[in-house]
>>> print(open('protein02.cif').read())   # mmCIF, C-alpha atoms
data_input
loop_
_atom_site.label_atom_id
_atom_site.label_comp_id
_atom_site.auth_asym_id
_atom_site.auth_seq_id
_atom_site.Cartn_x
_atom_site.Cartn_y
_atom_site.Cartn_z
CA MET A 1242 -2.40 -15.90 19.73
CA LYS A 1243 -4.97 -16.26 16.94
CA ASN A 1244 -5.23 -12.48 16.96
CA ARG A 1245 -1.47 -12.15 16.45
CA ILE A 1246 -1.39 -14.50 13.46
CA PHE A 1247 -4.52 -12.81 12.13
CA SER A 1248 -2.83 -9.40 12.50
CA LEU A 1249 0.25 -10.54 10.57
CA LEU A 1250 -1.90 -12.03 7.85
CA LEU A 1251 -4.15 -8.97 7.81
CA ALA A 1252 -1.11 -6.80 7.15
CA ALA A 1253 -0.07 -9.08 4.28
CA MET A 1254 -3.64 -9.12 2.92
CA MET A 1255 -3.73 -5.33 3.04
CA ALA A 1256 -0.50 -5.26 1.03
CA VAL A 1257 -2.10 -7.59 -1.55
CA SER A 1258 -5.22 -5.44 -1.60
CA THR A 1259 -3.08 -2.34 -2.12
CA TYR A 1260 -1.33 -4.17 -4.95
CA ALA A 1261 -4.73 -4.95 -6.51
CA GLN A 1262 -5.46 -1.21 -6.51
CA SER A 1263 -2.18 -0.65 -8.43
CA GLN A 1264 -0.58 1.40 -5.66
CA VAL A 1265 2.22 -1.12 -5.08
CA LYS A 1266 4.23 -2.97 -7.69
CA TYR A 1267 5.64 -5.80 -5.56
CA VAL A 1268 4.84 -7.47 -2.22
CA PHE A 1269 7.52 -9.72 -0.69
CA TYR A 1270 6.76 -12.06 2.22
CA PHE A 1271 9.99 -13.41 3.75
CA ILE A 1272 10.03 -16.28 6.25
CA GLY A 1273 13.11 -17.12 8.29
CA ASP A 1274 12.14 -20.75 8.92
CA GLY A 1275 13.04 -21.58 12.52
CA MET A 1276 14.14 -18.03 13.21
CA GLY A 1277 12.92 -16.03 16.17
CA VAL A 1278 13.90 -13.21 18.47
CA ASN A 1279 16.62 -15.33 20.11
CA GLN A 1280 18.39 -15.99 16.80
CA ILE A 1281 18.35 -12.26 15.98
CA ASN A 1282 19.61 -11.42 19.48
CA VAL A 1283 22.52 -13.87 19.34
CA THR A 1284 23.48 -12.62 15.86
CA GLU A 1285 23.62 -9.03 17.06
CA THR A 1286 25.56 -10.04 20.18
CA TYR A 1287 28.03 -12.01 18.07
CA LEU A 1288 28.54 -9.13 15.62
CA ALA A 1289 29.26 -6.79 18.54
CA ALA A 1290 31.77 -9.29 19.99
CA LEU A 1291 33.56 -9.42 16.62
CA LYS A 1292 34.11 -5.66 16.98
CA GLY A 1293 35.31 -6.05 20.58
CA LYS A 1294 32.12 -4.50 21.96
CA ILE A 1295 29.79 -5.65 24.70
CA GLY A 1296 26.16 -5.33 23.69
CA PHE A 1297 24.60 -5.35 20.24
CA GLU A 1298 25.60 -4.56 16.68
CA PRO A 1299 22.21 -4.08 15.00
CA ILE A 1300 21.45 -5.94 11.80
CA LEU A 1301 19.35 -4.34 9.06
CA MET A 1302 16.08 -6.03 10.02
CA SER A 1303 16.31 -4.48 13.49
CA SER A 1304 16.03 -1.04 11.88
CA PHE A 1305 12.69 -1.76 10.19
CA PRO A 1306 10.04 0.74 11.34
CA VAL A 1307 7.42 -1.94 12.12
CA VAL A 1308 7.84 -5.26 13.93
CA GLY A 1309 5.32 -8.07 14.33
CA LEU A 1310 5.67 -11.01 16.70
CA VAL A 1311 3.67 -14.22 16.72
CA ASN A 1312 3.48 -17.30 18.91
CA THR A 1313 4.23 -20.36 16.84
CA TYR A 1314 2.64 -23.28 18.68
CA SER A 1315 0.52 -25.53 16.48
CA ALA A 1316 -3.03 -26.78 17.08
CA THR A 1317 -1.65 -29.90 18.77
CA ASN A 1318 1.85 -29.12 20.03
CA GLY A 1319 3.58 -26.44 22.07
CA VAL A 1320 6.46 -26.60 19.61
CA THR A 1321 5.40 -26.32 15.98
CA ASP A 1322 7.07 -27.79 12.93
CA SER A 1323 7.62 -26.24 9.51
CA ALA A 1324 4.38 -27.67 8.13
CA ALA A 1325 2.03 -26.33 10.80
CA GLY A 1326 4.09 -23.15 11.17
CA GLY A 1327 4.12 -22.59 7.41
CA THR A 1328 0.38 -23.21 7.20
CA ALA A 1329 -0.25 -20.65 9.96
CA LEU A 1330 2.00 -18.08 8.26
CA ALA A 1331 0.43 -18.75 4.85
CA SER A 1332 -3.22 -18.90 5.87
CA GLY A 1333 -3.66 -17.67 9.44
CA LYS A 1334 -5.01 -21.10 10.45
CA LYS A 1335 -3.60 -23.44 13.09
CA THR A 1336 -3.22 -27.09 12.20
CA LYS A 1337 -1.56 -30.28 13.44
CA ASN A 1338 2.17 -30.69 13.22
CA GLY A 1339 3.00 -32.29 9.89
CA ALA A 1340 -0.07 -31.00 8.04
CA ILE A 1341 0.28 -28.81 4.94
CA GLY A 1342 -2.43 -26.29 4.03
CA VAL A 1343 -5.27 -28.12 5.76
CA LEU A 1344 -7.14 -27.59 9.02
CA GLU A 1345 -6.76 -29.79 12.08
CA ASP A 1346 -9.22 -32.33 10.60
CA LEU A 1347 -6.51 -32.98 7.95
CA GLU A 1348 -9.11 -32.64 5.17
CA THR A 1349 -10.42 -29.07 4.97
CA PRO A 1350 -8.07 -26.99 2.78
CA CYS A 1351 -6.86 -23.57 3.94
CA SER A 1352 -6.66 -20.77 1.40
CA SER A 1353 -3.24 -19.12 1.50
CA ILE A 1354 -2.18 -15.57 0.88
CA ALA A 1355 -0.66 -16.80 -2.41
CA ALA A 1356 -4.13 -17.90 -3.55
CA TRP A 1357 -5.62 -14.59 -2.38
CA ALA A 1358 -2.99 -12.70 -4.37
CA GLN A 1359 -3.76 -14.79 -7.48
CA ARG A 1360 -7.46 -13.99 -7.12
CA ALA A 1361 -6.55 -10.30 -6.84
CA GLY A 1362 -4.83 -10.58 -10.22
CA ALA A 1363 -1.24 -10.59 -8.98
CA ALA A 1364 1.52 -12.73 -10.42
CA VAL A 1365 2.78 -15.02 -7.65
CA GLY A 1366 6.20 -16.58 -7.16
CA ILE A 1367 7.44 -18.89 -4.41
CA ALA A 1368 11.18 -19.18 -3.82
CA THR A 1369 13.11 -21.24 -1.29
CA SER A 1370 16.61 -22.46 -0.54
CA VAL A 1371 15.35 -26.04 -0.08
CA ALA A 1372 13.25 -28.41 -2.18
CA ILE A 1373 10.18 -26.62 -3.52
CA THR A 1374 8.04 -29.42 -2.05
CA HIS A 1375 9.44 -28.83 1.45
CA ALA A 1376 6.94 -27.96 4.18
CA THR A 1377 7.32 -24.17 4.37
CA PRO A 1378 7.06 -23.32 0.67
CA ALA A 1379 4.43 -26.04 0.15
CA SER A 1380 2.19 -24.40 2.76
CA PHE A 1381 1.47 -21.65 0.22
CA TYR A 1382 0.12 -23.94 -2.54
CA ALA A 1383 -0.45 -27.52 -1.29
CA HIS A 1384 -3.16 -29.23 0.79
CA GLN A 1385 -1.96 -32.54 2.22
CA PRO A 1386 -2.38 -34.23 5.63
CA ASN A 1387 1.30 -35.16 5.85
CA ARG A 1388 4.38 -33.14 4.93
CA ASN A 1389 6.12 -36.34 3.78
CA MET A 1390 3.64 -36.82 0.91
CA TYR A 1391 6.17 -35.23 -1.43
CA PHE A 1392 4.73 -36.64 -4.64
CA GLU A 1393 1.21 -35.45 -3.82
CA ILE A 1394 2.57 -32.05 -2.75
CA GLY A 1395 4.38 -31.86 -6.09
CA GLN A 1396 1.13 -32.65 -7.89
CA ASP A 1397 -0.53 -29.80 -5.96
CA LEU A 1398 2.28 -27.56 -7.21
CA CYS A 1399 1.52 -28.52 -10.81
CA LYS A 1400 -2.18 -27.66 -10.30
CA SER A 1401 -1.59 -24.46 -8.29
CA GLY A 1402 -1.34 -21.96 -11.15
CA VAL A 1403 1.49 -20.19 -9.31
CA ASP A 1404 3.51 -18.31 -11.93
CA PHE A 1405 7.03 -19.05 -10.74
CA PHE A 1406 8.77 -21.50 -8.42
CA ALA A 1407 12.45 -21.48 -7.44
CA GLY A 1408 14.09 -24.04 -5.21
CA SER A 1409 16.41 -26.99 -5.13
CA ASP A 1410 14.22 -29.26 -7.28
CA PHE A 1411 11.41 -31.57 -6.17
CA HIS A 1412 12.01 -33.93 -3.26
CA ARG A 1413 11.56 -37.51 -4.52
CA PRO A 1414 10.13 -36.61 -7.95
CA ASN A 1415 9.76 -40.24 -9.16
CA THR A 1416 8.12 -42.08 -6.25
CA LYS A 1417 4.70 -43.04 -7.69
CA GLU A 1418 4.84 -46.12 -9.88
CA GLY A 1419 3.03 -45.82 -13.18
CA GLN A 1420 2.81 -42.02 -13.06
CA PRO A 1421 4.97 -39.47 -14.86
CA SER A 1422 7.67 -37.82 -12.77
CA LEU A 1423 6.86 -34.53 -11.09
CA ARG A 1424 9.17 -32.79 -13.54
CA GLN A 1425 7.14 -34.18 -16.44
CA GLN A 1426 3.85 -33.31 -14.76
CA ALA A 1427 5.12 -29.75 -14.24
CA LYS A 1428 6.07 -29.50 -17.91
CA ASP A 1429 2.65 -30.87 -18.89
CA ALA A 1430 1.10 -28.13 -16.72
CA GLY A 1431 2.97 -25.50 -18.73
CA TYR A 1432 6.01 -24.90 -16.52
CA THR A 1433 9.49 -24.51 -18.01
CA ILE A 1434 12.12 -26.22 -15.86
CA LEU A 1435 15.63 -24.83 -15.55
CA THR A 1436 18.29 -26.87 -13.78
CA GLY A 1437 21.78 -25.54 -13.37
CA GLY A 1438 20.97 -22.81 -15.86
CA TYR A 1439 19.91 -25.27 -18.56
CA LYS A 1440 16.37 -25.58 -19.87
CA GLU A 1441 14.90 -29.09 -19.78
#
>>> encode(input="protein02.cif", output="structure tokens")
Amino acid sequence: MKNRIFSLLLAAMMAVSTYAQSQVKYVFYFIGDGMGVNQINVTETYLAALKGKIGFEPILMSSFPVVGLVNTYSATNGVTDSAAGGTALASGKKTKNGAIGVLEDLETPCSSIAAWAQRAGAAVGIATSVAITHATPASFYAHQPNRNMYFEIGQDLCKSGVDFFAGSDFHRPNTKEGQPSLRQQAKDAGYTILTGGYKE
């Protein structure tokens, strides 16, 4: 299993390395959170049924020339969660369910492929359809023992140096008494915040 995650990460690292040598302009790393072979299979079966066929109606991703599969159990559970799964996909390291960007000891930070890309001189963006401090996107920039530490994860975002974030805002941006909101901390860190197309 470790070899499978390592292989997936190695492929992504090779893409970043190729980028660093100016042979590639962009590298995209897509994660279908909670998606696996069964979800793809049922989608293709459903699309075939819509056309009155028995069997499969292939979707675009099924035509890709290379496929990689990984086992997604965490360091402590047979069924992972988005935090441990995201950490494994971002860093190649297994951790406890609920942990973000740290090893199983809940203290030692894991370096993610986003950090590797930054060190290689690439501009890095993280985009999601959920809150930017949610477990999967946070696994690429944050280091916290608990995925519910949204304020601390947001502070890690502000310190990350990632060039661009897109998502549905921070989750609980005002939860620490006596501290500026996460939006204000992001602005103080040099980020421009756009909400609903309007600059704050």
>>> resolve_selection(input="protein02.cif", expression="the PyMOL selection byres ((chain A and resi 1412) around 7)", output="PyMOL selection string")
chain A and resi 1372+1374+1391+1410-1411+1413-1414
>>> residues_near_point(input="protein02.cif", point="(8.1, -18.3, -3.8)", cutoff="8 Å", atoms="only C-alpha atoms", output="VMD selection string")
chain A and resid 1365 to 1369 1378 1405 to 1407
>>> write_last_selection(input="protein02.cif", atoms="C-alpha atoms", output="PDB file, keeping the file's coordinate frame")
ATOM      1  CA  VAL A1365       2.780 -15.020  -7.650  1.00  0.00           C
ATOM      2  CA  GLY A1366       6.200 -16.580  -7.160  1.00  0.00           C
ATOM      3  CA  ILE A1367       7.440 -18.890  -4.410  1.00  0.00           C
ATOM      4  CA  ALA A1368      11.180 -19.180  -3.820  1.00  0.00           C
ATOM      5  CA  THR A1369      13.110 -21.240  -1.290  1.00  0.00           C
ATOM      6  CA  PRO A1378       7.060 -23.320   0.670  1.00  0.00           C
ATOM      7  CA  PHE A1405       7.030 -19.050 -10.740  1.00  0.00           C
ATOM      8  CA  PHE A1406       8.770 -21.500  -8.420  1.00  0.00           C
ATOM      9  CA  ALA A1407      12.450 -21.480  -7.440  1.00  0.00           C
TER      10      ALA A1407
END
>>> atom_distance(input="protein02.cif", atom1="CA of Ala1358 (chain A)", atom2="CA of His1375 (chain A)")
21.2 Å
>>> atom_distance(input="protein02.cif", atom1="CA of Ser1409 (chain A)", atom2="CA of Ile1373 (chain A)")
6.4 Å
>>> resolve_selection(input="protein02.cif", expression="the PyMOL selection byres ((chain A and resi 1341) around 7)", output="PyMOL selection string")
chain A and resi 1324-1325+1328+1339-1340+1342-1343+1376+1379-1380+1383-1388
>>> residues_around(input="protein02.cif", residues="Ser1352 (chain A)", least_positions_apart="2", cutoff="8 Å", atoms="only C-alpha atoms", output="PyMOL selection string")
chain A and resi 1332+1342+1350+1354+1356-1357
